[in-house]
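Chemist: Have a look at this one before I ask anything.
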Amino acid sequence: MEVFLQQCVNAISLGGIYALLALGLAVVFSIVRLINFAHGEVMTIAGYAIWLALLSSVPVVAAIILGITVAMLASVAMERIA
């Protein structure tokens with residue numbers, strides 16, 4: 001029963017992440033009327049930044065803040081270059 005409950009929590013968490021990604025794409029599409037394929041790349045860069053920070057024994061809250069900062073910097077860099 002414990003494994004089942006853990007899998008339910010995992011499914012809800014993963015579903016929430018997918019919902020946030022879809023919501024981000026929908027908001028960008030509704031404002032710009034253009035599909036931004038770099039949206040997924042920015043989320044992947046942020047995820048890798050958080051993962052590397054956690055491997056370096058950075059606290060979870062600081063790792064999340066670092067991931068958000070890296071995502072913002074990557075977005076600005078993509079906007080300026082492209």
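Residue numbering restarts at 1 for every chain of the structure tokens, chains are lettered A, B, ... in their displayed order, and ligands are numbered from 1 as they appear.
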Which residues come within 12 Å of Ile64 of chain A, counting only C-alpha atoms, excluding same-chain residues fewer than 3 positions away, as a ChimeraX atom specification?

Modeler: /A:46-54,58-61,67-71

Chemist: Between atom CA of Ala19 of chain A and atom CA of Met78 of chain A, what is the spacing in Å?

Modeler: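 Answer for the atom CA of Met78 of chain A to atom CA of Ala19 of chain A separation: 23.8 Å.
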
Chemist: For Ala82 of chain A, which of A:Ile12, A:Tyr18, A:Ala26, A:Ala38 is the closest residue, counting only C-alpha atoms?

Modeler: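 That would be A:Ala38, the residue with the smallest distance to Ala82 of chain A.
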
Chemist: Counting only C-alpha atoms, which of A:Val3, A:Leu55, A:Val42, A:Leu21 gets nearest to Ala74 of chain A?

Modeler: A:Val42
